[in-house]
>>> print(open('entry.txt').read())   # compact mmCIF, C-alpha atoms
# COMPACT_ATOMS: atom_id res chain seq x y z
CA MET G 11 60.46 47.92 31.47
CA ARG G 12 59.45 44.27 31.29
CA ASP G 13 58.15 42.74 28.07
CA PRO G 14 54.53 41.75 28.59
CA SER G 15 53.39 38.23 27.78
CA LEU G 16 49.77 37.31 27.32
CA GLY G 17 49.91 34.32 29.67
CA GLY G 18 51.53 36.30 32.45
CA PHE G 19 49.16 39.18 31.92
CA VAL G 20 46.09 36.93 32.04
CA LEU G 21 47.35 35.26 35.23
CA ARG G 22 47.91 38.64 36.87
CA VAL G 23 44.42 39.76 35.84
CA ALA G 24 43.02 36.55 37.34
CA ALA G 25 44.95 37.22 40.54
CA TRP G 26 43.88 40.85 40.83
CA LEU G 27 40.24 40.32 39.92
CA PRO G 28 39.07 38.74 43.22
CA VAL G 29 40.98 41.36 45.19
CA ALA G 30 39.47 44.15 43.12
CA PHE G 31 35.96 42.75 43.45
CA LEU G 32 36.37 42.41 47.21
CA ALA G 33 37.63 46.00 47.57
CA TRP G 34 34.89 47.33 45.30
CA TYR G 35 32.14 45.52 47.19
CA ALA G 36 33.50 46.36 50.64
CA ALA G 37 33.95 50.04 49.83
CA ALA G 38 30.85 50.39 47.67
CA THR G 39 29.27 53.00 49.91
CA ILE G 40 32.30 55.26 49.48
CA PHE G 41 32.65 54.59 45.76
CA VAL G 42 29.00 55.36 45.20
CA TRP G 43 28.92 58.71 46.97
CA PRO G 44 30.27 60.85 44.07
CA ILE G 45 28.12 58.86 41.66
CA ALA G 46 25.05 59.57 43.75
CA LEU G 47 25.91 63.26 43.61
CA LEU G 48 26.35 63.12 39.85
CA THR G 49 23.09 61.21 39.47
CA GLU G 50 21.30 63.86 41.49
CA VAL G 51 22.79 66.68 39.42
CA VAL G 52 21.93 65.00 36.12
CA SER G 53 18.45 63.98 37.25
CA ARG G 54 17.54 67.38 38.58
CA LEU G 55 18.97 69.24 35.60
CA ALA G 56 17.60 67.00 32.86
CA PHE G 57 14.40 65.83 34.54
CA ALA G 58 13.62 68.62 36.98
CA ASP G 59 9.90 68.06 36.58
CA LEU G 60 10.24 64.37 37.45
CA VAL G 61 12.84 64.21 40.21
CA THR G 62 12.57 65.73 43.66
CA ARG G 63 15.76 64.41 45.24
CA VAL G 64 18.26 61.55 45.22
CA GLU G 65 19.15 59.70 48.42
CA GLN G 66 21.98 57.26 49.06
CA HIS G 67 21.46 54.23 51.28
CA GLY G 68 24.69 52.24 51.19
CA TYR G 69 25.17 51.18 47.58
CA VAL G 70 21.50 51.75 46.79
CA ILE G 71 20.40 55.10 45.41
CA SER G 72 16.77 56.14 45.77
CA VAL G 73 15.41 58.55 43.23
CA VAL G 74 12.38 60.27 44.69
CA SER G 75 10.08 61.45 41.95
CA THR G 76 7.35 64.05 41.79
CA LEU G 77 4.92 61.40 40.54
CA LYS G 78 2.01 60.47 42.74
CA ALA G 79 1.28 56.80 43.21
CA GLY G 80 -2.18 55.58 42.28
CA THR G 81 -2.91 54.74 45.88
CA ALA G 82 -1.99 58.12 47.29
CA THR G 83 -4.35 59.42 49.92
CA THR G 84 -5.04 62.89 51.12
CA ALA G 85 -4.26 61.74 54.64
CA ASN G 86 -0.57 61.46 53.90
CA PRO G 87 0.38 62.65 50.43
CA ALA G 88 4.11 62.08 51.00
CA GLU G 89 3.55 58.33 51.10
CA GLY G 90 2.04 58.52 47.65
CA VAL G 91 5.23 59.73 45.97
CA VAL G 92 6.90 57.23 43.67
CA SER G 93 10.47 56.41 44.66
CA VAL G 94 12.76 54.12 42.68
CA ASP G 95 15.60 52.21 44.34
CA LEU G 96 18.61 51.64 42.09
CA ASN G 97 21.41 49.15 42.73
CA THR G 98 24.58 51.00 41.76
CA LEU G 99 26.61 47.78 41.73
CA LEU G 100 24.71 46.66 38.63
CA TYR G 101 26.29 49.51 36.69
CA SER G 102 29.67 49.81 38.38
CA PHE G 103 31.12 46.28 38.26
CA GLY G 104 33.38 47.55 35.49
CA TYR G 105 35.47 49.25 38.16
CA PRO G 106 37.01 46.05 39.55
CA MET G 107 37.48 44.84 35.98
CA LEU G 108 39.35 48.02 35.10
CA ALA G 109 41.39 47.80 38.30
CA ALA G 110 42.44 44.21 37.59
CA LEU G 111 43.42 45.04 34.01
CA THR G 112 45.30 48.18 35.01
CA LEU G 113 47.20 46.63 37.91
CA ALA G 114 48.00 43.54 35.85
CA ALA G 115 49.49 45.67 33.07
CA ARG G 116 52.01 47.09 35.58
CA GLN G 117 52.32 50.40 33.76
CA PRO G 118 53.75 53.54 35.37
CA GLN G 119 51.26 55.74 37.19
CA ARG G 120 48.71 52.96 37.36
CA TRP G 121 47.09 54.36 40.50
CA ARG G 122 46.67 57.71 38.78
CA THR G 123 45.13 55.88 35.81
CA LEU G 124 42.67 54.19 38.16
CA LEU G 125 41.73 57.51 39.73
CA VAL G 126 41.16 59.07 36.31
CA GLY G 127 39.26 55.94 35.28
CA TYR G 128 36.97 56.22 38.27
CA PHE G 129 35.85 59.70 37.29
CA ALA G 130 35.85 58.94 33.56
CA LEU G 131 33.48 56.00 34.04
CA ALA G 132 31.20 57.71 36.56
CA PRO G 133 29.01 59.29 33.83
CA PHE G 134 28.41 55.85 32.31
CA VAL G 135 27.35 54.48 35.69
CA THR G 136 25.05 57.47 36.07
CA TRP G 137 23.68 56.84 32.57
CA GLY G 138 22.60 53.36 33.59
CA MET G 139 20.91 54.51 36.76
CA VAL G 140 19.07 57.45 35.23
CA ALA G 141 17.95 55.21 32.36
CA GLU G 142 16.71 52.60 34.83
CA PHE G 143 14.76 55.25 36.72
CA LEU G 144 13.14 56.44 33.49
CA LYS G 145 12.46 52.84 32.43
CA HIS G 146 10.76 52.19 35.73
CA VAL G 147 8.59 55.28 35.37
CA ALA G 148 7.72 54.60 31.74
CA PHE G 149 7.20 50.83 31.80
CA ASP G 150 7.00 49.41 35.32
CA THR G 151 4.46 51.69 36.95
CA PRO G 152 0.67 51.67 36.59
CA VAL G 153 -0.74 53.71 33.72
CA SER G 154 -2.04 56.25 36.23
CA VAL G 155 1.55 56.95 37.30
CA ALA G 156 3.29 56.64 33.93
CA SER G 157 0.81 59.03 32.35
CA GLN G 158 1.90 61.78 34.75
CA ALA G 159 5.36 61.70 33.18
CA GLY G 160 3.83 62.38 29.78
CA PHE G 161 6.28 60.30 27.76
CA GLY G 162 5.36 59.90 24.09
CA ALA G 163 5.92 56.78 22.00
CA THR G 164 9.29 57.96 20.67
CA GLN G 165 10.47 58.91 24.13
CA ARG G 166 9.50 55.49 25.45
CA GLU G 167 11.49 53.85 22.64
CA LEU G 168 14.51 56.01 23.46
CA ILE G 169 14.20 55.19 27.14
CA ALA G 170 14.05 51.48 26.37
CA PHE G 171 17.15 51.70 24.17
CA ALA G 172 19.03 53.85 26.70
CA TYR G 173 18.21 51.39 29.47
CA GLN G 174 19.22 48.32 27.49
CA PHE G 175 22.42 50.01 26.35
CA GLY G 176 23.13 51.21 29.88
CA VAL G 177 22.66 47.83 31.51
CA LEU G 178 23.90 45.42 28.84
CA VAL G 179 26.73 47.25 27.11
CA LEU G 180 28.14 50.26 28.94
CA PRO G 181 29.09 48.63 32.28
CA THR G 182 31.60 46.34 30.57
CA VAL G 183 32.48 48.11 27.34
CA ALA G 184 33.22 51.52 28.85
CA PRO G 185 35.98 50.25 31.18
CA ALA G 186 37.43 48.06 28.42
CA VAL G 187 37.59 51.02 26.03
CA PHE G 188 39.11 53.24 28.72
CA TRP G 189 41.73 50.59 29.46
CA VAL G 190 42.69 50.19 25.80
CA LEU G 191 42.92 53.97 25.38
CA THR G 192 45.16 54.36 28.41
CA HIS G 193 47.36 51.35 27.67
CA ARG G 194 48.31 51.88 24.05
CA ARG G 195 52.03 51.65 24.81
CA PHE G 196 51.53 48.44 26.71
CA LEU G 197 49.51 47.00 23.85
CA GLU G 198 52.07 48.17 21.32
CA ARG G 199 54.92 46.54 23.25
CA PHE G 200 52.82 43.42 23.58
CA ALA G 201 52.39 43.30 19.83
CA VAL G 202 56.12 44.00 19.26
CA LYS G 203 57.01 41.13 21.50
CA HIS G 204 54.54 38.65 20.16
CA GLY G 205 53.29 39.76 16.81
CA PRO G 206 53.75 42.12 13.93
CA ALA G 207 50.77 44.45 14.49
CA ALA G 208 52.67 46.64 16.89
CA HIS G 209 51.86 50.05 15.54
CA ALA G 210 48.14 49.35 15.34
CA PHE G 211 47.80 50.91 18.77
CA ASN G 212 49.89 53.94 17.92
CA ASP G 213 47.85 57.09 17.78
CA GLN G 214 50.43 59.07 15.80
CA MET R 13 43.36 54.38 16.65
CA VAL R 14 40.76 57.16 16.49
CA ARG R 15 39.27 55.71 13.30
CA PHE R 16 39.15 52.29 14.91
CA PHE R 17 37.32 53.56 17.98
CA VAL R 18 34.81 55.59 15.99
CA GLY R 19 34.13 52.58 13.78
CA PHE R 20 33.90 50.30 16.78
CA LEU R 21 31.41 52.50 18.61
CA LEU R 22 29.27 53.05 15.51
CA LEU R 23 29.21 49.37 14.62
CA GLN R 24 28.37 48.43 18.16
CA ALA R 25 25.51 50.91 18.37
CA VAL R 26 24.10 49.71 15.04
CA LEU R 27 24.43 46.02 15.89
CA PHE R 28 23.00 46.51 19.36
CA GLY R 29 20.10 48.53 17.97
CA ALA R 30 19.46 45.82 15.39
CA GLU R 31 19.54 43.16 18.11
CA LEU R 32 16.71 44.88 19.93
CA THR R 33 14.35 44.85 16.96
CA PRO R 34 11.47 42.34 17.15
CA TRP R 35 12.68 40.72 13.93
CA ALA R 36 16.16 40.03 15.32
CA GLN R 37 14.72 38.87 18.63
CA HIS R 38 12.38 36.42 16.89
CA TRP R 39 14.72 35.04 14.23
CA PHE R 40 18.08 35.27 15.93
CA VAL R 41 18.22 36.02 19.67
CA THR R 42 15.48 33.62 20.81
CA PRO R 43 16.73 30.62 18.75
CA TRP R 44 20.29 31.42 19.84
CA THR R 45 19.28 31.51 23.50
CA ASN R 46 17.26 28.32 23.23
CA ALA R 47 20.21 26.59 21.56
CA LEU R 48 22.46 27.78 24.38
CA ALA R 49 20.12 26.23 26.95
CA ALA R 50 19.94 22.98 24.96
CA ILE R 51 23.73 22.76 24.57
CA SER R 52 24.22 23.48 28.27
CA ALA R 53 21.73 20.73 29.15
CA ASP R 54 23.44 18.26 26.82
CA ILE R 55 26.79 18.94 28.46
CA VAL R 56 25.39 18.73 31.98
CA LYS R 57 23.71 15.41 31.16
CA LEU R 58 27.15 13.89 30.69
CA PHE R 59 27.51 13.91 34.49
CA ASP R 60 24.01 14.72 35.74
CA SER R 61 21.04 13.08 34.06
CA GLN R 62 18.51 14.94 36.21
CA VAL R 63 18.59 18.04 34.03
CA PHE R 64 16.57 19.19 31.06
CA ALA R 65 16.15 22.27 28.90
CA GLU R 66 12.90 23.73 27.71
CA GLY R 67 13.15 26.85 25.59
CA LYS R 68 15.59 29.17 27.32
CA ILE R 69 15.16 27.45 30.71
CA LEU R 70 17.61 24.98 32.22
CA GLN R 71 16.01 23.02 35.04
CA SER R 72 16.91 20.36 37.56
CA LEU R 73 14.50 17.46 37.97
CA ARG R 74 16.04 16.72 41.35
CA ASN R 75 15.05 19.91 43.19
CA GLY R 76 13.16 21.94 40.62
CA PHE R 77 15.76 24.71 40.52
CA ALA R 78 15.81 26.46 37.17
CA VAL R 79 17.69 29.24 35.44
CA SER R 80 16.23 31.27 32.61
CA ILE R 81 18.78 32.59 30.16
CA GLU R 82 17.85 36.23 29.66
CA ALA R 83 19.31 39.15 27.73
CA GLY R 84 22.84 39.81 28.89
CA CYS R 85 23.40 36.16 29.76
CA ASN R 86 23.09 34.69 26.28
CA GLY R 87 26.43 36.08 25.12
CA VAL R 88 24.83 38.04 22.28
CA GLU R 89 26.02 41.42 23.55
CA ALA R 90 29.54 40.11 24.18
CA THR R 91 29.55 38.68 20.67
CA ILE R 92 28.41 42.03 19.29
CA VAL R 93 31.32 43.75 21.04
CA LEU R 94 33.77 41.23 19.57
CA VAL R 95 32.27 41.53 16.08
CA ALA R 96 32.41 45.34 16.22
CA ALA R 97 36.01 45.30 17.47
CA MET R 98 37.19 42.90 14.76
CA LEU R 99 35.27 44.51 11.92
CA ALA R 100 36.44 48.01 12.89
CA PHE R 101 40.09 46.95 13.13
CA PRO R 102 41.99 47.21 9.83
CA ALA R 103 42.66 43.70 8.58
CA SER R 104 41.87 41.59 5.53
CA TRP R 105 38.38 40.14 5.30
CA GLN R 106 39.85 36.66 5.40
CA ARG R 107 41.54 37.35 8.74
CA LYS R 108 38.43 39.04 10.06
CA LEU R 109 36.25 36.08 9.18
CA VAL R 110 38.68 33.57 10.68
CA GLY R 111 38.98 35.73 13.80
CA LEU R 112 35.22 36.09 14.08
CA ALA R 113 34.60 32.37 13.67
CA ALA R 114 37.16 31.39 16.29
CA GLY R 115 36.28 34.29 18.57
CA ILE R 116 32.55 33.66 18.58
CA VAL R 117 33.14 29.99 19.39
CA ALA R 118 35.46 30.99 22.24
CA VAL R 119 33.04 33.55 23.69
CA GLN R 120 30.10 31.20 23.49
CA SER R 121 32.10 28.34 24.97
CA LEU R 122 32.86 30.43 28.03
CA ASN R 123 29.23 31.48 28.10
CA VAL R 124 28.15 27.84 28.28
CA ILE R 125 30.50 27.47 31.25
CA ARG R 126 28.86 30.56 32.77
CA VAL R 127 25.36 29.11 32.40
CA ILE R 128 26.34 25.72 33.83
CA SER R 129 28.32 27.20 36.71
CA LEU R 130 25.45 29.54 37.63
CA PHE R 131 23.00 26.64 37.40
CA TYR R 132 24.91 24.75 40.09
CA LEU R 133 25.89 27.83 42.07
CA GLY R 134 22.22 28.77 42.37
CA GLN R 135 21.41 25.37 43.84
CA TRP R 136 24.09 25.87 46.45
CA SER R 137 23.67 29.52 47.47
CA GLU R 138 21.27 32.18 46.25
CA SER R 139 23.48 35.06 47.37
CA ALA R 140 26.55 33.57 45.69
CA PHE R 141 24.48 33.05 42.56
CA GLU R 142 23.32 36.67 42.56
CA PHE R 143 26.84 38.04 43.05
CA ALA R 144 28.36 35.82 40.37
CA HIS R 145 25.46 36.33 37.99
CA GLN R 146 25.11 40.09 38.24
CA TYR R 147 28.72 41.15 38.60
CA VAL R 148 31.51 38.59 38.31
CA TRP R 149 30.51 36.67 35.19
CA GLN R 150 29.63 39.86 33.33
CA ALA R 151 33.18 41.09 33.88
CA LEU R 152 34.71 37.70 33.04
CA ILE R 153 32.91 37.49 29.71
CA MET R 154 34.11 40.96 28.73
CA LEU R 155 37.66 40.08 29.79
CA ASP R 156 37.34 37.03 27.55
CA VAL R 157 36.31 39.24 24.64
CA LEU R 158 39.24 41.57 25.29
CA ILE R 159 41.78 38.75 25.47
CA ILE R 160 40.43 37.09 22.32
CA TRP R 161 40.66 40.41 20.50
CA LEU R 162 44.25 40.91 21.71
CA LEU R 163 45.17 37.40 20.58
CA TRP R 164 43.67 38.09 17.17
CA VAL R 165 45.37 41.49 16.81
CA ARG R 166 48.82 40.06 17.45
CA THR R 167 48.38 37.61 14.57
CA LEU R 168 47.85 40.42 12.06
CA PRO R 169 50.56 41.30 9.58
CA ARG R 170 52.55 44.54 9.90
CA ALA R 171 51.01 45.82 6.65
CA ILE R 172 47.95 46.97 8.55
CA ALA R 173 49.91 49.43 10.64
CA PRO R 174 49.86 52.48 8.35
CA ALA R 175 46.11 52.13 7.90
CA VAL R 176 45.54 52.40 11.61
CA ALA R 177 48.11 55.09 12.22
CA ALA R 178 46.55 57.34 9.58
>>> encode(input="entry.txt", output="C-alpha cells")
Amino acid sequence: MRDPSLGGFVLRVAAWLPVAFLAWYAAATIFVWPIALLTEVVSRLAFADLVTRVEQHGYVISVVSTLKAGTATTANPAEGVVSVDLNTLLYSFGYPMLAALTLAARQPQRWRTLLVGYFALAPFVTWGMVAEFLKHVAFDTPVSVASQAGFGATQRELIAFAYQFGVLVLPTVAPAVFWVLTHRRFLERFAVKHGPAAHAFNDQ
Amino acid sequence: MVRFFVGFLLLQAVLFGAELTPWAQHWFVTPWTNALAAISADIVKLFDSQVFAEGKILQSLRNGFAVSIEAGCNGVEATIVLVAAMLAFPASWQRKLVGLAAGIVAVQSLNVIRVISLFYLGQWSESAFEFAHQYVWQALIMLDVLIIWLLWVRTLPRAIAPAVAA
C-alpha cells in the first residue's frame, strides 16, 4: 500500500471534487429519492398532525402540510393548504465532498465506503429538511397559519436551533466526521509517514 | 478516538449554541462579519477602486452589485469546527493555542478569498454565483478545516498517543 502524502492527497481531492460535484448535481434526482422517502417517513411519524404527504420534484421536495393558508376559500380548500418546497442540494453537498475525500484516499473498498456513507449521511440531510419545514411553519408564515401548528416558545427556540444546526453545521461536519471515522488507518499511516502522532487515530 | 469524538461533538454543540445567543451575535459575530467585509474591500481596492464596504455588505460602485455576508459565509461556523477539533484532541495547551492561532488565520484567509471570488462571480453569472455560494465554497471551507487539522495533528509529539488510545 502506498504511503500517503498530504500534498498528493490534497491534489487528488482537488481533482476529484469537480467530478464528484458534477456527478452529484447530474444525478441529484436519483440521489434524492431515498432521502425523500426517509423525509416522508420521519415527517409523518414525528409530525403526523402537520404533514399530509411529501412529494419529490427533481431535487426539490415538497412537504404538504395540514395547515390552511390564511387566504383559503371554501370554493377550493385544497389550494389553501400550505406546502413548503425544500432544496435537497442545500443539505446534501457533503456527498461530493465525501466522495472526493474517499476516492483521493485510495483505500480498499472505497466504493463500499461511499455506499455506506450515502446511507449514513441520509438522516442528517433529512434533519436539515425537516428542520427547514418546521422553521418555515413557525417563523415564515403568517400568524394565522403558524398558530395552527401550536408551537410554544420553547419549541420555536428548538426549531430555530435545529434549523441553524442543520443548515450551517451538519451538511459539512457530518461527512467530515464519517470520513475520519472510516479512514483511521489512512490517517494513522499518514501520521507515521509524516509525523509522530500516528496512534492518535487508533481506536484500540 | 471515541473520547475525541465525544469531546468534539459536545464542544461544537456548546460553541454553536453560544454563537446563536444575542450577546454573541452583538459582541462577536456582527463585528467579525463587518471586519471581514472591510478586509475584503481593502484587498479588492488594491486592483479595483470601485468597491466599498458598509457593515457586512461589499458593493461595487460600478454596477451596484452587492453581496451581504450572512451566517454560514462569515467563517464563524468553520472556525468553531476547527476550535472544537483542536481543543478536543489531546495535546498541550501551548500546541493547541499555536494551532488555533495559525488555523483560524488560515480559515479566515480562505474565507476572504471566498467572499471576493463570490463578489466577482456574482457580477458575471447569477447561476454560477448561486452554485458556488450554496454548495462548492461550503465544501471547500470544510476541506480547508480538515486539512489544517490534519497538518496540526501530524506536528504533535508521540506522547499524546496513549491518551487518545485510552
>>> residues_around(input="entry.txt", residues="Ala141 in chain G", least_positions_apart="2", cutoff="8 Å", atoms="only C-alpha atoms", output="PyMOL selection string")
chain G and resi 137-139+143-145+169+172-173+176
>>> write_last_selection(input="entry.txt", atoms="C-alpha atoms", output="tab-separated table (two decimals), keeping the file's coordinate frame")
chain	number	residue	atom	x	y	z
G	137	TRP	CA	23.68	56.84	32.57
G	138	GLY	CA	22.60	53.36	33.59
G	139	MET	CA	20.91	54.51	36.76
G	143	PHE	CA	14.76	55.25	36.72
G	144	LEU	CA	13.14	56.44	33.49
G	145	LYS	CA	12.46	52.84	32.43
G	169	ILE	CA	14.20	55.19	27.14
G	172	ALA	CA	19.03	53.85	26.70
G	173	TYR	CA	18.21	51.39	29.47
G	176	GLY	CA	23.13	51.21	29.88
>>> closest_residue(input="entry.txt", among="R:Cys85, R:Leu122, R:Met98, R:Leu70", to="chain G", atoms="only C-alpha atoms")
R:Cys85
>>> closest_atom_pairs(input="entry.txt", of="range 59-157 of chain R", to="range 178-193 of chain G", cutoff="10 Å", atoms="all atoms listed in the file", output="tab-separated table")
residue	atom	partner	partner_atom	distance
R:Ala83	CA	G:Leu178	CA	7.8
R:Gly84	CA	G:Leu178	CA	5.7
R:Cys85	CA	G:Leu178	CA	9.3
R:Val88	CA	G:Leu178	CA	9.9
R:Glu89	CA	G:Val179	CA	6.9
R:Ala90	CA	G:Val179	CA	8.2
R:Ile92	CA	G:Val179	CA	9.6
R:Val93	CA	G:Val183	CA	7.7
R:Tyr147	CA	G:Pro181	CA	9.8
R:Gln150	CA	G:Thr182	CA	7.3
R:Ala151	CA	G:Thr182	CA	6.4
R:Leu152	CA	G:Thr182	CA	9.5
R:Ile153	CA	G:Thr182	CA	9.0
R:Met154	CA	G:Thr182	CA	6.2
R:Leu155	CA	G:Ala186	CA	8.1
R:Val157	CA	G:Ala186	CA	9.7
>>> atom_distance(input="entry.txt", atom1="CA of Thr33 in chain R", atom2="CA of Phe171 in chain G")
10.3 Å
>>> closest_residue(input="entry.txt", among="R:Met13, R:Val26, R:Leu48, R:Ala103", to="Ser121 in chain R", atoms="all atoms listed in the file")
R:Leu48
>>> closest_atom_pairs(input="entry.txt", of="range 57-128 of chain R", to="range 35-46 of chain R", cutoff="7 Å", atoms="only C-alpha atoms", output="CSV")
residue,atom,partner,partner_atom,distance
R:Gly67,CA,R:Asn46,CA,5.0
R:Lys68,CA,R:Asn46,CA,4.5
R:Ile81,CA,R:Thr45,CA,6.8
R:Asn86,CA,R:Thr45,CA,5.7
